[in-house]
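S.K.: Right, I'll just put the structure down here and ask away after.
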Amino acid sequence: MFTRIKRLPVFIANQIAAGEVIERPASVVKELLENAIDANASQINVEIGFGGLNLIKVSDNGSGILADDLPLAIAPHATSKINELTDLYAIQSMGFRGEALASISSVSRLAISSKPASQEHAMRFDAVNQELSASARTQGTTIEVHDIFFNAPVRKKFLKSERGEFQAIEMMVKRIAMSAPKVAMSLTHNGQLQWQLSSALCKSSMRARITKLLGKKFLDGASYIEVLHAGMRLEGWLSDVNYQRSQNDGVWIYLNNRMVKDKLLNHAVKQAYTSVLLPGRYPVCLLYLTIDPALVDVNVHPTKHEVRFQQARLVHDFIVSQLSRALAVPAGAMNCEPPELTHSLNVSRPLLQVKDINPRYNADRECRGLVGEEQQFIALDSQFSLLLMGSEVYLADLLALRKHWLLQSLHQEVIPWSNRPLLVPIDYSDSSRDFSHYNNYYFLLQQLGIELDVVDSNTLTVRTLPQVAPQLEIKSFLQAIFSLDSPDLGQCIASIAVHFLQNPKAISPSQHAAFWEHLNSHLADLLDGSGFIKQLSPALCQELLHV
């Protein structure tokens with residue numbers, strides 16, 4: 001017996017389509033919020049009843065929908081956001097597929113009330129009985145979704161409890177609220193206001209929104225990043241190494257202000273954090289990536305979470321390199337660099353006029369466990385610290401100590417050093433030199449992980465940097481090396497140590513830990529005439545203070 005091919009009824013086709021877009025009440029909220037944002041709303045209110053199972057109501061003050069278009073709004077493949085095929089290649093709106101409302105109406109009882117500015121009265125369209133009637137509301141749109149999955153009991157059985165579904169909705173609203181910071185939002189559940197957000201029109205109000213949605217603890221320890229390269233812009237906040245989660249739900253990434261859960265972007269973030277995360281822990285970050293819409297395809301999946309990049313490798317490496325650089329010195333306690341002070345250490349001033357230490361830098365907490373319970377470091381400036389050991393006081397040159405430790409570490413590296421390719425090669429020019437005559441220098445530097453190409457007689461291109469010194473101040477380093485006559489390997493390594501430390505963000509968290517471990521194990525030797533730590537005896541203090 002042959003089974004004939006037949007066209008599916010519209011309501012079955014719509015339910016199949018809804019299965020791809022509408023997984024749970026939170027999916028409905030996502031689609032409705034994106035429509036409101038596309039309508040240029042500045043205020044959106046979300047009302048939820050019984051975890052979204054009974055009611056989902058989203059109201060906005062956007063541009064509204066004309067009365068004649070209301071029945072068409074719930075028709076499949078009907079949209080105002082694209083007109084021709086080429087529009088798909090540079091999508092800037094949140095929605096564009098024209099199937100969200102059709103899918104929602106196929107698994108719920110849906111009604112739309114709307115009033116554009118050009119229309120005298122608001123109109124309401126009931127999708128269940130296909131009736132259009134007069135309504136009362138100001139400019140904007142309200143969409144009510146009742147009894148989701150009432151006609152799909154199998155789907156309904158897979159939903160979680162009221163609490164579980166509302167938690168998913170709340171997380172969805174929070175994530176979308178961060179994609180549109182200029183839009184004020186509120187969330188109500190079972191008639192009780194859960195929270196409301198005013199529009200974030202400046203940096204301070206943006207920080208207030210982040211604090212409310214991601215927590216003060218995250219923002220207090222977060223590092224801010226903003227970089228522009230090759231037409232790509234990356235901006236956001238990164239948690240420091242002390243703020244880690246046991247769940248992988250803290251990475252919020254927005255592509256052209258669209259919330260995405262893309263594997264390539266998530267992998268880039270994970271790779272950047274690899275060296276600073278404990279096993280089984282995950283970072284928290286809020287990142288905004290802006291790229292030419294023509295270079296990214298968001299029409300990959302109905303949920304629009306996954307995207308496809310034309311230059312995927314470039315985007316991936318750009319994110320990894322910039323996040324790795326920003327994480328090199330975390331904003332929290334792993335950063336043992338003291339804050340900048342307005343008073344430098346000057347013997348003509350009282351030596352112990354120490355500025356209060358930045359509350360985000362706790363040298364006592366970081367160092368006491370390393371050098372003993374009776375010792376304490378107090379930062380004076382970016383170079384000097386006081387070391388308190390019982391009744392004795394020492395002045396420690398931390399910059400010199402770091403240089404000494406780094407030089408020892410570099411000399412222990414096996415030659416040739418591993419290198420790290422640069423995402424963007426660096427050009428170095430010197431009109432006073434003919435770089436075609438420095439071949440012996442290039443071979444020497446190659447042994448230390450630095451590969452150079454001669455562009456012309458006065459210009460070099462740096463292709464790689466040492467793996468052990470990825471943020472080496474390469475231009476000042478090359479200037480120093482080329483000023484030497486026939487430098488040897490030892491001179492080059494010493495110069496790397498000097499110019500590596502010129503960048504205050506160069507030392508990684510793992511290197512910080514290694515430095516303090518070195519200080520702990522060699523403290524006795526360092527106190528015994530090393531020149532890096534000097535005891536402040538009463539006689540020396542009198543001499544310094546001219547008393």
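Letters A, B, ... mark the chains of the structure tokens in the order given; residue numbers begin at 1 per chain; ligand numbers begin at 1, in order shown.
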Considering only helix (DSSP H, G or I) as DSSP defines it on the backbone, what residues of stretch 173-219 of chain A qualify? List them as a ChimeraX atom specification.

M.R.: /A:173-179,203-214,216-219

S.K.: Print the selection's residues with N, CA and C atoms to a file, as a PDB file, in the first residue's frame.

M.R.:
```
ATOM      1  N   VAL A 173      15.174  37.691  30.456  1.00  0.00           N
ATOM      2  CA  VAL A 173      14.930  39.138  30.485  1.00  0.00           C
ATOM      3  C   VAL A 173      16.201  39.886  30.877  1.00  0.00           C
ATOM      4  N   LYS A 174      16.953  39.350  31.835  1.00  0.00           N
ATOM      5  CA  LYS A 174      18.207  39.985  32.239  1.00  0.00           C
ATOM      6  C   LYS A 174      19.192  40.051  31.075  1.00  0.00           C
ATOM      7  N   ARG A 175      19.321  38.949  30.361  1.00  0.00           N
ATOM      8  CA  ARG A 175      20.277  38.909  29.254  1.00  0.00           C
ATOM      9  C   ARG A 175      19.882  39.888  28.154  1.00  0.00           C
ATOM     10  N   ILE A 176      18.597  39.946  27.850  1.00  0.00           N
ATOM     11  CA  ILE A 176      18.161  40.873  26.805  1.00  0.00           C
ATOM     12  C   ILE A 176      18.255  42.313  27.302  1.00  0.00           C
ATOM     13  N   ALA A 177      18.047  42.519  28.596  1.00  0.00           N
ATOM     14  CA  ALA A 177      18.197  43.872  29.148  1.00  0.00           C
ATOM     15  C   ALA A 177      19.615  44.390  28.955  1.00  0.00           C
ATOM     16  N   MET A 178      20.610  43.499  28.994  1.00  0.00           N
ATOM     17  CA  MET A 178      21.987  43.924  28.775  1.00  0.00           C
ATOM     18  C   MET A 178      22.292  44.109  27.291  1.00  0.00           C
ATOM     19  N   SER A 179      21.448  43.588  26.405  1.00  0.00           N
ATOM     20  CA  SER A 179      21.657  43.807  24.969  1.00  0.00           C
ATOM     21  C   SER A 179      21.109  45.152  24.533  1.00  0.00           C
ATOM     22  N   LYS A 203      27.839  55.895  31.364  1.00  0.00           N
ATOM     23  CA  LYS A 203      28.627  54.811  31.953  1.00  0.00           C
ATOM     24  C   LYS A 203      28.204  54.511  33.385  1.00  0.00           C
ATOM     25  N   SER A 204      27.876  55.538  34.149  1.00  0.00           N
ATOM     26  CA  SER A 204      27.494  55.304  35.544  1.00  0.00           C
ATOM     27  C   SER A 204      26.179  54.535  35.632  1.00  0.00           C
ATOM     28  N   SER A 205      25.208  54.894  34.784  1.00  0.00           N
ATOM     29  CA  SER A 205      23.940  54.161  34.800  1.00  0.00           C
ATOM     30  C   SER A 205      24.107  52.762  34.225  1.00  0.00           C
ATOM     31  N   MET A 206      25.063  52.595  33.306  1.00  0.00           N
ATOM     32  CA  MET A 206      25.353  51.258  32.787  1.00  0.00           C
ATOM     33  C   MET A 206      25.934  50.385  33.896  1.00  0.00           C
ATOM     34  N   ARG A 207      26.819  50.955  34.691  1.00  0.00           N
ATOM     35  CA  ARG A 207      27.395  50.208  35.804  1.00  0.00           C
ATOM     36  C   ARG A 207      26.312  49.852  36.826  1.00  0.00           C
ATOM     37  N   ALA A 208      25.357  50.745  37.007  1.00  0.00           N
ATOM     38  CA  ALA A 208      24.256  50.455  37.930  1.00  0.00           C
ATOM     39  C   ALA A 208      23.429  49.277  37.425  1.00  0.00           C
ATOM     40  N   ARG A 209      23.217  49.220  36.111  1.00  0.00           N
ATOM     41  CA  ARG A 209      22.456  48.101  35.537  1.00  0.00           C
ATOM     42  C   ARG A 209      23.233  46.795  35.682  1.00  0.00           C
ATOM     43  N   ILE A 210      24.529  46.845  35.427  1.00  0.00           N
ATOM     44  CA  ILE A 210      25.354  45.642  35.576  1.00  0.00           C
ATOM     45  C   ILE A 210      25.337  45.161  37.023  1.00  0.00           C
ATOM     46  N   THR A 211      25.447  46.097  37.960  1.00  0.00           N
ATOM     47  CA  THR A 211      25.427  45.733  39.379  1.00  0.00           C
ATOM     48  C   THR A 211      24.126  45.038  39.753  1.00  0.00           C
ATOM     49  N   LYS A 212      23.020  45.543  39.216  1.00  0.00           N
ATOM     50  CA  LYS A 212      21.715  44.977  39.558  1.00  0.00           C
ATOM     51  C   LYS A 212      21.520  43.595  38.953  1.00  0.00           C
ATOM     52  N   LEU A 213      22.054  43.378  37.751  1.00  0.00           N
ATOM     53  CA  LEU A 213      21.803  42.120  37.049  1.00  0.00           C
ATOM     54  C   LEU A 213      22.894  41.078  37.273  1.00  0.00           C
ATOM     55  N   LEU A 214      24.145  41.515  37.404  1.00  0.00           N
ATOM     56  CA  LEU A 214      25.246  40.566  37.561  1.00  0.00           C
ATOM     57  C   LEU A 214      25.868  40.590  38.955  1.00  0.00           C
ATOM     58  N   LYS A 216      27.213  43.225  42.481  1.00  0.00           N
ATOM     59  CA  LYS A 216      28.258  44.182  42.818  1.00  0.00           C
ATOM     60  C   LYS A 216      29.622  43.510  42.912  1.00  0.00           C
ATOM     61  N   LYS A 217      29.636  42.267  43.398  1.00  0.00           N
ATOM     62  CA  LYS A 217      30.906  41.558  43.556  1.00  0.00           C
ATOM     63  C   LYS A 217      31.601  41.377  42.213  1.00  0.00           C
ATOM     64  N   PHE A 218      30.824  41.073  41.179  1.00  0.00           N
ATOM     65  CA  PHE A 218      31.411  40.923  39.848  1.00  0.00           C
ATOM     66  C   PHE A 218      32.009  42.237  39.368  1.00  0.00           C
ATOM     67  N   LEU A 219      31.246  43.313  39.463  1.00  0.00           N
ATOM     68  CA  LEU A 219      31.699  44.583  38.912  1.00  0.00           C
ATOM     69  C   LEU A 219      32.874  45.159  39.688  1.00  0.00           C
TER      70      LEU A 219
END
```

S.K.: Do you know which residues are at most 7 Å from A:Val260 counting only C-alpha atoms, after dropping those on the same chain fewer than 5 positions away, and could you put them as a PyMOL selection string?

M.R.: chain A and resi 253-255+305-306

S.K.: Excluding A:Leu484 and any residue of its chain fewer than 6 positions from it, enumerate the residues within 12 Å of it, using only C-alpha atoms, and give them as a list in words.

M.R.: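 Residues meeting the cut-off are Tyr438, Tyr441, Phe477, Leu478, Gln491, Cys492 and Ser495 of chain A.
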
S.K.: With C-alpha atoms kept, could you save the residues just selected as a compact mmCIF listing (two decimals), in the first residue's frame?

M.R.:
```
# COMPACT_ATOMS: atom_id res chain seq x y z
CA TYR A 438 71.97 42.70 10.85
CA TYR A 441 71.08 39.80 15.24
CA PHE A 477 63.63 46.29 23.26
CA LEU A 478 64.71 46.30 19.59
CA GLN A 491 72.67 40.61 27.00
CA CYS A 492 69.52 39.92 24.99
CA SER A 495 67.25 43.32 27.98
```

S.K.: If DSSP is run on the backbone, what residues of stretch 75-232 of chain A are strand (DSSP E or B)? A reply as a PyMOL selection string would be ideal.

M.R.: chain A and resi 109-115+122-126+131-135+140-146+184-189+192-197+223-229+232

S.K.: How many Å lie between atom CA of A:Gly490 and atom CA of A:Val414, rounded to one decimal?

M.R.: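 Calculated distance between atom CA of A:Gly490 and atom CA of A:Val414 is 13.2 Å.
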
S.K.: Please provide as a PyMOL selection string all residues within 12 Å of A:Ile481, with the sequence filter that same-chain residues fewer than 6 positions apart are discarded (counting only C-alpha atoms).

M.R.: chain A and resi 438+440-442+444-445+474-475+487-496+498-499

S.K.: So that I can see what lies close to stretch 425-436 of chain A, please list as a list of chain:residue names the residues with an atom at most 8 Å from it, counting only C-alpha atoms and leaving out residues fewer than 2 positions away in the same chain.

M.R.: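 Selected residues are A:Leu422, A:Leu423, A:Tyr438, A:Asn439, A:Val454, A:Asp456, A:Ser457, A:Asn458, A:Thr459, A:Leu460, A:Thr461, A:Val462, A:Arg463, A:Thr464, A:Lys475.
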
S.K.: Which residues are near A:Ile148? Cut-off 9 Å, only C-alpha atoms, ignore same chain within fewer than 3 positions. Put them as a ChimeraX atom specification.

M.R.: /A:24-25,52-56,104-105,107-109,145,151-152,156

S.K.: Could you tell me which of A:Ile291, A:Ile44, A:Leu536, A:Val269 comes closest to A:Ser198 if we count only C-alpha atoms?

M.R.: A:Ile44

S.K.: Do a neighbour search on A:Thr141 at 8 Å with only C-alpha atoms, toss out local chain neighbours closer than 4 positions, and write the hits as a list of chain:residue names.

M.R.: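 After dropping sequence-adjacent residues, the list is A:Ala36, A:Ser59, A:Asp60, A:Asn61, A:Gly62, A:Ser63, A:Gly64, A:Ile65, A:Ile112, A:Ser113, A:Ser114, A:Lys115.
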
S.K.: May I ask which of the residues A:Leu295, A:Val276, A:Ala268, A:Leu323 is the closest one to A:Gly236, counting only C-alpha atoms?

M.R.: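 Closest residue, counting only C-alpha atoms: A:Leu323.
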